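Here is the file entry_26.cif (mmCIF, C-alpha atoms and all ligand atoms).
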```
data_data
#
loop_
_atom_site.group_PDB
_atom_site.id
_atom_site.type_symbol
_atom_site.label_atom_id
_atom_site.label_comp_id
_atom_site.auth_asym_id
_atom_site.auth_seq_id
_atom_site.Cartn_x
_atom_site.Cartn_y
_atom_site.Cartn_z
ATOM 1 C CA MET A 275 14.656 9.732 6.246
ATOM 2 C CA ARG A 276 16.166 6.281 6.661
ATOM 3 C CA GLY A 277 17.723 4.872 3.484
ATOM 4 C CA GLU A 278 16.541 5.671 0.002
ATOM 5 C CA GLN A 279 13.388 3.641 -0.032
ATOM 6 C CA ILE A 280 9.868 4.795 0.770
ATOM 7 C CA VAL A 281 7.189 2.175 1.341
ATOM 8 C CA LEU A 282 3.526 3.134 1.075
ATOM 9 C CA ILE A 283 1.113 1.011 3.062
ATOM 10 C CA GLY A 284 -2.559 1.491 3.905
ATOM 11 C CA PHE A 285 -6.039 0.347 3.060
ATOM 12 C CA MET A 286 -7.513 -0.008 -0.426
ATOM 13 C CA GLY A 287 -8.630 3.329 -1.837
ATOM 14 C CA THR A 288 -6.276 5.475 0.207
ATOM 15 C CA GLY A 289 -4.330 6.522 -2.905
ATOM 16 C CA LYS A 290 -1.124 4.482 -2.647
ATOM 17 C CA THR A 291 -0.648 4.068 -6.401
ATOM 18 C CA ALA A 292 -1.487 7.641 -7.436
ATOM 19 C CA VAL A 293 0.484 9.173 -4.565
ATOM 20 C CA GLY A 294 3.412 6.769 -4.947
ATOM 21 C CA SER A 295 3.787 7.520 -8.610
ATOM 22 C CA ARG A 296 3.738 11.309 -8.042
ATOM 23 C CA LEU A 297 6.030 11.076 -5.008
ATOM 24 C CA ALA A 298 8.582 9.111 -7.050
ATOM 25 C CA GLU A 299 8.369 11.699 -9.818
ATOM 26 C CA ARG A 300 8.981 14.551 -7.369
ATOM 27 C CA LEU A 301 11.978 12.740 -5.843
ATOM 28 C CA GLY A 302 13.362 11.603 -9.212
ATOM 29 C CA TRP A 303 13.137 8.007 -7.959
ATOM 30 C CA GLU A 304 11.731 4.834 -9.467
ATOM 31 C CA PHE A 305 8.118 3.905 -8.715
ATOM 32 C CA ALA A 306 7.210 0.255 -8.126
ATOM 33 C CA ASP A 307 3.623 -0.863 -7.718
ATOM 34 C CA ALA A 308 3.497 -4.320 -6.108
ATOM 35 C CA ASP A 309 -0.056 -5.119 -7.264
ATOM 36 C CA GLY A 310 0.763 -4.019 -10.820
ATOM 37 C CA LEU A 311 3.791 -6.327 -10.897
ATOM 38 C CA ILE A 312 1.742 -9.237 -9.547
ATOM 39 C CA GLU A 313 -0.882 -8.680 -12.262
ATOM 40 C CA ALA A 314 1.791 -8.462 -14.977
ATOM 41 C CA GLU A 315 3.447 -11.663 -13.781
ATOM 42 C CA ALA A 316 0.217 -13.589 -13.343
ATOM 43 C CA GLY A 317 -1.101 -12.265 -16.653
ATOM 44 C CA MET A 318 -4.474 -11.437 -15.122
ATOM 45 C CA PRO A 319 -6.103 -8.826 -12.877
ATOM 46 C CA ILE A 320 -6.090 -9.427 -9.119
ATOM 47 C CA HIS A 321 -9.818 -10.158 -8.882
ATOM 48 C CA ARG A 322 -9.375 -13.014 -11.375
ATOM 49 C CA LEU A 323 -6.287 -14.244 -9.571
ATOM 50 C CA PHE A 324 -8.338 -14.458 -6.350
ATOM 51 C CA ALA A 325 -11.248 -16.158 -8.123
ATOM 52 C CA GLU A 326 -9.210 -18.691 -10.119
ATOM 53 C CA ARG A 327 -6.241 -19.450 -7.847
ATOM 54 C CA GLY A 328 -7.356 -18.249 -4.397
ATOM 55 C CA GLU A 329 -6.095 -15.688 -1.903
ATOM 56 C CA ALA A 330 -3.246 -17.903 -0.632
ATOM 57 C CA HIS A 331 -1.746 -18.033 -4.134
ATOM 58 C CA PHE A 332 -2.053 -14.248 -4.449
ATOM 59 C CA ARG A 333 -0.353 -13.765 -1.052
ATOM 60 C CA ALA A 334 2.544 -16.038 -2.088
ATOM 61 C CA LEU A 335 3.061 -13.960 -5.255
ATOM 62 C CA GLU A 336 2.816 -10.784 -3.162
ATOM 63 C CA ASN A 337 5.530 -11.977 -0.776
ATOM 64 C CA ALA A 338 7.814 -12.884 -3.692
ATOM 65 C CA VAL A 339 7.324 -9.460 -5.303
ATOM 66 C CA VAL A 340 7.967 -7.645 -1.996
ATOM 67 C CA ALA A 341 11.161 -9.663 -1.463
ATOM 68 C CA ARG A 342 12.441 -8.526 -4.856
ATOM 69 C CA LEU A 343 11.402 -4.873 -4.565
ATOM 70 C CA VAL A 344 13.111 -4.240 -1.233
ATOM 71 C CA ALA A 345 16.493 -4.859 -2.861
ATOM 72 C CA ARG A 346 16.123 -1.637 -4.887
ATOM 73 C CA ASP A 347 17.358 1.847 -3.995
ATOM 74 C CA ARG A 348 15.849 5.239 -4.696
ATOM 75 C CA VAL A 349 12.474 3.613 -5.061
ATOM 76 C CA VAL A 350 8.945 4.344 -3.866
ATOM 77 C CA ILE A 351 7.141 1.042 -3.320
ATOM 78 C CA ALA A 352 3.323 0.988 -3.257
ATOM 79 C CA THR A 353 2.095 -2.174 -1.554
ATOM 80 C CA GLY A 354 -1.351 -3.782 -1.681
ATOM 81 C CA GLY A 355 -3.529 -3.060 1.363
ATOM 82 C CA GLY A 356 -2.905 -6.456 2.973
ATOM 83 C CA ALA A 357 0.832 -6.825 2.308
ATOM 84 C CA PHE A 358 1.974 -5.238 5.573
ATOM 85 C CA ALA A 359 -0.267 -7.592 7.595
ATOM 86 C CA ASP A 360 2.194 -10.405 6.828
ATOM 87 C CA ALA A 361 5.102 -10.589 9.297
ATOM 88 C CA GLU A 362 7.695 -11.561 6.697
ATOM 89 C CA ASN A 363 6.690 -8.670 4.411
ATOM 90 C CA ARG A 364 6.766 -6.322 7.404
ATOM 91 C CA ARG A 365 10.287 -7.378 8.289
ATOM 92 C CA ARG A 366 11.457 -6.848 4.718
ATOM 93 C CA LEU A 367 9.654 -3.555 4.163
ATOM 94 C CA THR A 368 10.880 -1.989 7.405
ATOM 95 C CA ALA A 369 14.498 -3.179 7.086
ATOM 96 C CA ARG A 370 15.606 -0.250 4.919
ATOM 97 C CA GLY A 371 12.464 1.605 4.040
ATOM 98 C CA THR A 372 10.714 4.565 5.580
ATOM 99 C CA VAL A 373 7.128 3.372 5.933
ATOM 100 C CA VAL A 374 4.337 5.834 5.176
ATOM 101 C CA CYS A 375 0.742 4.825 5.844
ATOM 102 C CA LEU A 376 -2.015 6.466 3.804
ATOM 103 C CA ALA A 377 -5.336 6.551 5.620
ATOM 104 C CA ALA A 378 -8.912 7.559 4.785
ATOM 105 C CA ASP A 379 -12.308 7.280 6.436
ATOM 106 C CA PRO A 380 -14.550 4.345 5.440
ATOM 107 C CA GLU A 381 -16.971 6.541 3.443
ATOM 108 C CA THR A 382 -14.140 8.025 1.368
ATOM 109 C CA ILE A 383 -12.700 4.563 0.798
ATOM 110 C CA LEU A 384 -16.078 3.235 -0.349
ATOM 111 C CA ALA A 385 -16.537 6.152 -2.756
ATOM 112 C CA ARG A 386 -13.024 5.738 -4.137
ATOM 113 C CA VAL A 387 -13.068 1.984 -4.691
ATOM 114 C CA GLY A 388 -16.193 2.452 -6.802
ATOM 115 C CA ASP A 389 -16.983 -0.915 -8.285
ATOM 116 C CA ALA A 390 -16.093 -3.158 -5.348
ATOM 117 C CA ARG A 391 -16.023 -6.188 -7.674
ATOM 118 C CA SER A 392 -12.486 -5.238 -8.700
ATOM 119 C CA ARG A 393 -11.498 -5.533 -5.003
ATOM 120 C CA PRO A 394 -12.154 -9.184 -4.135
ATOM 121 C CA LEU A 395 -12.051 -8.601 -0.374
ATOM 122 C CA LEU A 396 -14.909 -6.076 -0.649
ATOM 123 C CA ASP A 397 -16.991 -8.030 -3.145
ATOM 124 C CA GLY A 398 -19.953 -8.926 -0.916
ATOM 125 C CA PRO A 399 -23.382 -7.654 0.086
ATOM 126 C CA ASP A 400 -22.069 -5.031 2.540
ATOM 127 C CA PRO A 401 -18.790 -3.464 1.327
ATOM 128 C CA HIS A 402 -19.114 -0.573 3.816
ATOM 129 C CA GLY A 403 -19.358 -2.986 6.780
ATOM 130 C CA ARG A 404 -16.492 -5.050 5.396
ATOM 131 C CA ILE A 405 -14.318 -1.921 5.065
ATOM 132 C CA ARG A 406 -14.985 -1.010 8.710
ATOM 133 C CA GLU A 407 -14.261 -4.553 9.840
ATOM 134 C CA LEU A 408 -10.999 -4.870 7.908
ATOM 135 C CA LEU A 409 -9.882 -1.366 8.949
ATOM 136 C CA ALA A 410 -10.421 -2.252 12.613
ATOM 137 C CA ALA A 411 -8.557 -5.550 12.227
ATOM 138 C CA ARG A 412 -5.601 -3.909 10.484
ATOM 139 C CA ALA A 413 -5.400 -0.725 12.573
ATOM 140 C CA PRO A 414 -2.619 -2.043 14.872
ATOM 141 C CA ILE A 415 -0.542 -3.052 11.838
ATOM 142 C CA TYR A 416 -0.983 0.224 9.965
ATOM 143 C CA ALA A 417 -0.092 2.075 13.198
ATOM 144 C CA LEU A 418 3.453 0.701 12.914
ATOM 145 C CA ALA A 419 4.238 3.131 10.062
ATOM 146 C CA ASP A 420 6.825 5.873 10.597
ATOM 147 C CA VAL A 421 4.414 8.479 9.208
ATOM 148 C CA THR A 422 0.635 8.493 8.607
ATOM 149 C CA VAL A 423 -1.191 10.886 6.296
ATOM 150 C CA ASP A 424 -4.998 11.077 6.142
ATOM 151 C CA THR A 425 -5.794 11.479 2.459
ATOM 152 C CA SER A 426 -9.584 11.878 2.837
ATOM 153 C CA CYS A 427 -9.610 15.621 2.133
ATOM 154 C CA LEU A 428 -6.340 16.052 0.233
ATOM 155 C CA SER A 429 -5.394 16.061 -3.450
ATOM 156 C CA VAL A 430 -2.611 13.749 -4.643
ATOM 157 C CA GLU A 431 -0.238 16.722 -4.716
ATOM 158 C CA GLY A 432 -1.340 17.708 -1.197
ATOM 159 C CA VAL A 433 -0.591 14.217 0.119
ATOM 160 C CA VAL A 434 2.846 14.247 -1.522
ATOM 161 C CA ASP A 435 3.573 17.645 0.089
ATOM 162 C CA GLU A 436 2.573 16.237 3.496
ATOM 163 C CA ILE A 437 4.796 13.188 3.068
ATOM 164 C CA LEU A 438 7.824 15.189 1.943
ATOM 165 C CA GLY A 439 7.305 17.640 4.813
ATOM 166 C CA ALA A 440 7.072 14.840 7.365
ATOM 167 C CA LEU A 441 10.157 13.092 6.015
ATOM 168 C CA ARG A 442 12.223 16.257 6.246
ATOM 169 C CA ARG A 443 11.459 16.585 9.959
ATOM 170 C CA PRO A 444 13.869 14.717 12.259
ATOM 171 C CA ALA A 445 12.517 11.239 13.032
ATOM 172 C CA PRO A 446 11.394 10.582 16.606
ATOM 173 C CA ALA A 447 13.341 7.815 18.366
ATOM 174 C CA ARG A 448 11.870 4.387 17.610
ATOM 175 C CA GLY A 449 10.662 1.980 20.269
HETATM 176 C C1 LIG B 1 -5.844 -6.081 -0.770
HETATM 177 C C2 LIG B 1 -5.679 -4.859 -1.381
HETATM 178 C C3 LIG B 1 -5.536 -4.720 -2.845
HETATM 179 C C4 LIG B 1 -4.987 -6.013 -3.467
HETATM 180 C C5 LIG B 1 -5.808 -7.185 -3.044
HETATM 181 C C6 LIG B 1 -5.845 -7.367 -1.521
HETATM 182 C C7 LIG B 1 -5.999 -6.128 0.710
HETATM 183 O O1 LIG B 1 -4.628 -3.666 -3.126
HETATM 184 O O2 LIG B 1 -3.648 -6.206 -3.085
HETATM 185 O O3 LIG B 1 -7.109 -6.995 -3.539
HETATM 186 O O4 LIG B 1 -5.785 -7.202 1.303
HETATM 187 O O5 LIG B 1 -6.298 -5.075 1.309
HETATM 188 P P1 LIG B 1 -4.966 -2.092 -3.000
HETATM 189 O O6 LIG B 1 -4.765 -1.711 -1.575
HETATM 190 O O7 LIG B 1 -3.963 -1.445 -3.896
HETATM 191 O O8 LIG B 1 -6.360 -1.917 -3.486
#
```
Rewrite the coordinates I just gave you, this time as structure tokens.
Ligand code: S3P
Amino acid sequence: MRGEQIVLIGFMGTGKTAVGSRLAERLGWEFADADGLIEAEAGMPIHRLFAERGEAHFRALENAVVARLVARDRVVIATGGGAFADAENRRRLTARGTVVCLAADPETILARVGDARSRPLLDGPDPHGRIRELLAARAPIYALADVTVDTSCLSVEGVVDEILGALRRPAPARG
């Protein structure tokens, strides 16, 4: 494992927050949830932030939070599903962190996000189609992770076991 920072990326509903929190507990590290920090700082949930201030404002807050979090050590950082799509965030998150992508199939994602109204990017007439579209658009970005774990059929504990197992194996040469 490079450094003492694990960064969880991946689509909405892949389990980044639940897995990140348990992974941090198992490692005895701090857990930092980027979306949670944004909500605390903005004083409102993300769907309201999108509705009242717009996505660009949310993305600016997201970049500021990422910039702060990457300075920490012995930390598991859960990012929002779109954070890694930004080049500046990518540069910061890969500088010292081991990047783990959590994946899931579109049907599992749809079932897990439940009320899509709390996810502004899925709040439309066809959330399933939107999930497929966004997954396809982001696939090349998510593929940059050091490790990918499909969480569709795994419990939180099972995903954490997979991640820890993968991180113990020697890393393949990059590039
Ligand atoms: C987003 C994912 C959300 C949240 C925001 C935008 C995205 O986070 O950051 O709604 O662009 O995929 P989760 O992945 O934690 O749901």
Next on the checklist: Here is a test: counting all atoms listed in the file, which residue of A:Pro319, A:Gly371, A:Gly287, A:Gly328 is nearest to Val340 in chain A?
Outcome noted: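 For Val340 in chain A, the nearest of the given residues is A:Gly371.
Across the chains present, the PyMOL selection byres (((chain A and resi 408) around 12) and not hetatm) applied to this file returns Gly284, Phe285, Met286, Gly355, Gly356, Ala359, Pro380, Ile383, Leu395, Leu396, Pro401, His402, Gly403, Arg404, Ile405, Arg406, Glu407, Leu409, Ala410, Ala411, Arg412, Ala413, Pro414, Ile415 and Tyr416 of chain A.
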Could you write those residues out with C-alpha atoms, as a PDB file, keeping the file's coordinate frame?
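Once written, again_10.pdb looks like this:
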```
ATOM      1  CA  GLY A 284      -2.559   1.491   3.905  1.00  0.00           C
ATOM      2  CA  PHE A 285      -6.039   0.347   3.060  1.00  0.00           C
ATOM      3  CA  MET A 286      -7.513  -0.008  -0.426  1.00  0.00           C
ATOM      4  CA  GLY A 355      -3.529  -3.060   1.363  1.00  0.00           C
ATOM      5  CA  GLY A 356      -2.905  -6.456   2.973  1.00  0.00           C
ATOM      6  CA  ALA A 359      -0.267  -7.592   7.595  1.00  0.00           C
ATOM      7  CA  PRO A 380     -14.550   4.345   5.440  1.00  0.00           C
ATOM      8  CA  ILE A 383     -12.700   4.563   0.798  1.00  0.00           C
ATOM      9  CA  LEU A 395     -12.051  -8.601  -0.374  1.00  0.00           C
ATOM     10  CA  LEU A 396     -14.909  -6.076  -0.649  1.00  0.00           C
ATOM     11  CA  PRO A 401     -18.790  -3.464   1.327  1.00  0.00           C
ATOM     12  CA  HIS A 402     -19.114  -0.573   3.816  1.00  0.00           C
ATOM     13  CA  GLY A 403     -19.358  -2.986   6.780  1.00  0.00           C
ATOM     14  CA  ARG A 404     -16.492  -5.050   5.396  1.00  0.00           C
ATOM     15  CA  ILE A 405     -14.318  -1.921   5.065  1.00  0.00           C
ATOM     16  CA  ARG A 406     -14.985  -1.010   8.710  1.00  0.00           C
ATOM     17  CA  GLU A 407     -14.261  -4.553   9.840  1.00  0.00           C
ATOM     18  CA  LEU A 409      -9.882  -1.366   8.949  1.00  0.00           C
ATOM     19  CA  ALA A 410     -10.421  -2.252  12.613  1.00  0.00           C
ATOM     20  CA  ALA A 411      -8.557  -5.550  12.227  1.00  0.00           C
ATOM     21  CA  ARG A 412      -5.601  -3.909  10.484  1.00  0.00           C
ATOM     22  CA  ALA A 413      -5.400  -0.725  12.573  1.00  0.00           C
ATOM     23  CA  PRO A 414      -2.619  -2.043  14.872  1.00  0.00           C
ATOM     24  CA  ILE A 415      -0.542  -3.052  11.838  1.00  0.00           C
ATOM     25  CA  TYR A 416      -0.983   0.224   9.965  1.00  0.00           C
TER      26      TYR A 416
END
```
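In this comparison, which uses all atoms listed in the file, the residue of A:Ser392, A:Ser295, A:Asn363, A:Ser429 approaching ligand LIG 1 (chain B) most closely is A:Ser392.
Distances here use all atoms listed in the file; by that measure, the residue among A:Arg391, A:Met318, A:Thr422, A:Ala440 closest to Ala377 in chain A is A:Thr422.
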Checklist entry - Leaving out Thr425 in chain A and any residue of its chain fewer than 4 positions from it, which residues lie within 10 Å of it when counting only C-alpha atoms, given as a PyMOL selection string? => result chain A and resi 287-290+293+375-379+382-383+429-430+432-434+436
Next on the checklist: Report as a PyMOL selection string all protein, DNA and RNA residues lying within 7 Å of Leu335 in chain A, evaluated on only C-alpha atoms, omitting residues in the same chain fewer than 4 positions from it.
Outcome noted: chain A and resi 312+331+339
Item to check | Spatial neighbours of Leu282 in chain A, max dist 8 Å, all atoms listed in the file, sep filter under 6 positions, as an MDAnalysis selection string | outcome: chainID A and resid 290 294 350:353 373:376
Item to check | Atomic distance CA of Leu418 in chain A - CA of Ile283 in chain A, expressed in Å with one decimal | outcome: 10.1 Å
Checklist entry - Out of A:Ala419, A:Gly317, A:Glu431, A:Arg365, which residue has the shortest atom-to-atom distance to Val344 in chain A when counting all atoms listed in the file? => result A:Arg365
Checklist entry - So what do you get for CA of Leu323 in chain A versus CA of Arg393 in chain A, distance-wise? => result 11.1 Å
Work out where the centre of an axis-aligned box around every listed atom of ligand LIG 1 (chain B) lies and how long its edges are once 3 Å is added on each side; give both in Å to one decimal as AutoDock Vina command-line options.
```
--center_x -5.4 --center_y -4.4 --center_z -1.3 --size_x 9.5 --size_y 11.9 --size_z 11.2
```
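Reported to one decimal place, the separation of CA of Ala334 in chain A from CA of Asp400 in chain A is 27.4 Å.
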Fill-in result for range 295-306 of chain A, all heavy atoms as a PDB file, in the coordinates of the input:
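Saved the output as rebuild_26.pdb:
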```pdb
ATOM      1  N   SER A 295       3.254   7.171  -7.305  1.00  0.00           N
ATOM      2  CA  SER A 295       3.787   7.520  -8.610  1.00  0.00           C
ATOM      3  C   SER A 295       4.221   8.996  -8.649  1.00  0.00           C
ATOM      4  O   SER A 295       5.299   9.335  -9.141  1.00  0.00           O
ATOM      5  CB  SER A 295       2.705   7.174  -9.639  1.00  0.00           C
ATOM      6  OG  SER A 295       2.766   7.991 -10.721  1.00  0.00           O
ATOM      7  N   ARG A 296       3.409   9.871  -8.062  1.00  0.00           N
ATOM      8  CA  ARG A 296       3.738  11.309  -8.042  1.00  0.00           C
ATOM      9  C   ARG A 296       4.922  11.601  -7.093  1.00  0.00           C
ATOM     10  O   ARG A 296       5.779  12.434  -7.391  1.00  0.00           O
ATOM     11  CB  ARG A 296       2.487  12.101  -7.618  1.00  0.00           C
ATOM     12  CG  ARG A 296       2.678  13.579  -7.597  1.00  0.00           C
ATOM     13  CD  ARG A 296       2.887  14.151  -9.010  1.00  0.00           C
ATOM     14  NE  ARG A 296       3.231  15.560  -8.951  1.00  0.00           N
ATOM     15  CZ  ARG A 296       4.279  16.109  -9.558  1.00  0.00           C
ATOM     16  NH1 ARG A 296       5.102  15.378 -10.286  1.00  0.00           N
ATOM     17  NH2 ARG A 296       4.515  17.399  -9.448  1.00  0.00           N
ATOM     18  N   LEU A 297       4.930  10.896  -5.972  1.00  0.00           N
ATOM     19  CA  LEU A 297       6.030  11.076  -5.008  1.00  0.00           C
ATOM     20  C   LEU A 297       7.363  10.681  -5.663  1.00  0.00           C
ATOM     21  O   LEU A 297       8.371  11.398  -5.532  1.00  0.00           O
ATOM     22  CB  LEU A 297       5.756  10.203  -3.768  1.00  0.00           C
ATOM     23  CG  LEU A 297       6.796  10.178  -2.657  1.00  0.00           C
ATOM     24  CD1 LEU A 297       7.003  11.570  -2.054  1.00  0.00           C
ATOM     25  CD2 LEU A 297       6.379   9.197  -1.551  1.00  0.00           C
ATOM     26  N   ALA A 298       7.361   9.563  -6.378  1.00  0.00           N
ATOM     27  CA  ALA A 298       8.582   9.111  -7.050  1.00  0.00           C
ATOM     28  C   ALA A 298       9.039  10.140  -8.085  1.00  0.00           C
ATOM     29  O   ALA A 298      10.229  10.453  -8.186  1.00  0.00           O
ATOM     30  CB  ALA A 298       8.327   7.757  -7.718  1.00  0.00           C
ATOM     31  N   GLU A 299       8.052  10.687  -8.803  1.00  0.00           N
ATOM     32  CA  GLU A 299       8.369  11.699  -9.818  1.00  0.00           C
ATOM     33  C   GLU A 299       9.020  12.914  -9.161  1.00  0.00           C
ATOM     34  O   GLU A 299      10.031  13.431  -9.640  1.00  0.00           O
ATOM     35  CB  GLU A 299       7.049  12.108 -10.468  1.00  0.00           C
ATOM     36  CG  GLU A 299       7.111  12.608 -11.860  1.00  0.00           C
ATOM     37  CD  GLU A 299       5.680  12.687 -12.415  1.00  0.00           C
ATOM     38  OE1 GLU A 299       4.958  13.653 -12.052  1.00  0.00           O
ATOM     39  OE2 GLU A 299       5.293  11.783 -13.153  1.00  0.00           O
ATOM     40  N   ARG A 300       8.446  13.360  -8.054  1.00  0.00           N
ATOM     41  CA  ARG A 300       8.981  14.551  -7.369  1.00  0.00           C
ATOM     42  C   ARG A 300      10.387  14.290  -6.829  1.00  0.00           C
ATOM     43  O   ARG A 300      11.217  15.197  -6.765  1.00  0.00           O
ATOM     44  CB  ARG A 300       8.045  14.989  -6.229  1.00  0.00           C
ATOM     45  CG  ARG A 300       6.678  15.443  -6.691  1.00  0.00           C
ATOM     46  CD  ARG A 300       6.368  16.914  -6.521  1.00  0.00           C
ATOM     47  NE  ARG A 300       6.745  17.585  -5.306  1.00  0.00           N
ATOM     48  CZ  ARG A 300       5.902  18.043  -4.393  1.00  0.00           C
ATOM     49  NH1 ARG A 300       4.600  17.857  -4.532  1.00  0.00           N
ATOM     50  NH2 ARG A 300       6.334  18.710  -3.344  1.00  0.00           N
ATOM     51  N   LEU A 301      10.656  13.062  -6.394  1.00  0.00           N
ATOM     52  CA  LEU A 301      11.978  12.740  -5.843  1.00  0.00           C
ATOM     53  C   LEU A 301      12.980  12.384  -6.942  1.00  0.00           C
ATOM     54  O   LEU A 301      14.185  12.307  -6.691  1.00  0.00           O
ATOM     55  CB  LEU A 301      11.868  11.550  -4.880  1.00  0.00           C
ATOM     56  CG  LEU A 301      11.181  11.802  -3.540  1.00  0.00           C
ATOM     57  CD1 LEU A 301      10.836  10.475  -2.867  1.00  0.00           C
ATOM     58  CD2 LEU A 301      12.075  12.636  -2.628  1.00  0.00           C
ATOM     59  N   GLY A 302      12.480  12.104  -8.143  1.00  0.00           N
ATOM     60  CA  GLY A 302      13.362  11.603  -9.212  1.00  0.00           C
ATOM     61  C   GLY A 302      13.757  10.156  -8.965  1.00  0.00           C
ATOM     62  O   GLY A 302      14.829   9.705  -9.369  1.00  0.00           O
ATOM     63  N   TRP A 303      12.875   9.416  -8.265  1.00  0.00           N
ATOM     64  CA  TRP A 303      13.137   8.007  -7.959  1.00  0.00           C
ATOM     65  C   TRP A 303      12.262   7.123  -8.839  1.00  0.00           C
ATOM     66  O   TRP A 303      11.349   7.592  -9.498  1.00  0.00           O
ATOM     67  CB  TRP A 303      12.803   7.695  -6.485  1.00  0.00           C
ATOM     68  CG  TRP A 303      13.716   8.291  -5.470  1.00  0.00           C
ATOM     69  CD1 TRP A 303      14.718   9.190  -5.683  1.00  0.00           C
ATOM     70  CD2 TRP A 303      13.676   8.040  -4.056  1.00  0.00           C
ATOM     71  NE1 TRP A 303      15.317   9.515  -4.487  1.00  0.00           N
ATOM     72  CE2 TRP A 303      14.697   8.819  -3.476  1.00  0.00           C
ATOM     73  CE3 TRP A 303      12.892   7.242  -3.228  1.00  0.00           C
ATOM     74  CZ2 TRP A 303      14.950   8.816  -2.106  1.00  0.00           C
ATOM     75  CZ3 TRP A 303      13.146   7.238  -1.861  1.00  0.00           C
ATOM     76  CH2 TRP A 303      14.175   8.012  -1.311  1.00  0.00           C
ATOM     77  N   GLU A 304      12.559   5.826  -8.774  1.00  0.00           N
ATOM     78  CA  GLU A 304      11.731   4.834  -9.467  1.00  0.00           C
ATOM     79  C   GLU A 304      10.434   4.620  -8.683  1.00  0.00           C
ATOM     80  O   GLU A 304      10.416   4.742  -7.453  1.00  0.00           O
ATOM     81  CB  GLU A 304      12.528   3.515  -9.518  1.00  0.00           C
ATOM     82  CG  GLU A 304      11.795   2.360 -10.162  1.00  0.00           C
ATOM     83  CD  GLU A 304      12.431   1.006  -9.835  1.00  0.00           C
ATOM     84  OE1 GLU A 304      13.481   0.981  -9.154  1.00  0.00           O
ATOM     85  OE2 GLU A 304      11.871  -0.011 -10.251  1.00  0.00           O
ATOM     86  N   PHE A 305       9.357   4.284  -9.389  1.00  0.00           N
ATOM     87  CA  PHE A 305       8.118   3.905  -8.715  1.00  0.00           C
ATOM     88  C   PHE A 305       7.833   2.429  -8.991  1.00  0.00           C
ATOM     89  O   PHE A 305       7.904   1.989 -10.141  1.00  0.00           O
ATOM     90  CB  PHE A 305       6.936   4.751  -9.207  1.00  0.00           C
ATOM     91  CG  PHE A 305       5.610   4.269  -8.683  1.00  0.00           C
ATOM     92  CD1 PHE A 305       5.383   4.228  -7.311  1.00  0.00           C
ATOM     93  CD2 PHE A 305       4.612   3.829  -9.539  1.00  0.00           C
ATOM     94  CE1 PHE A 305       4.171   3.768  -6.813  1.00  0.00           C
ATOM     95  CE2 PHE A 305       3.406   3.372  -9.045  1.00  0.00           C
ATOM     96  CZ  PHE A 305       3.178   3.339  -7.678  1.00  0.00           C
ATOM     97  N   ALA A 306       7.544   1.676  -7.953  1.00  0.00           N
ATOM     98  CA  ALA A 306       7.210   0.255  -8.126  1.00  0.00           C
ATOM     99  C   ALA A 306       5.875  -0.032  -7.456  1.00  0.00           C
ATOM    100  O   ALA A 306       5.706   0.237  -6.260  1.00  0.00           O
ATOM    101  CB  ALA A 306       8.314  -0.623  -7.517  1.00  0.00           C
TER     102      ALA A 306
END
```
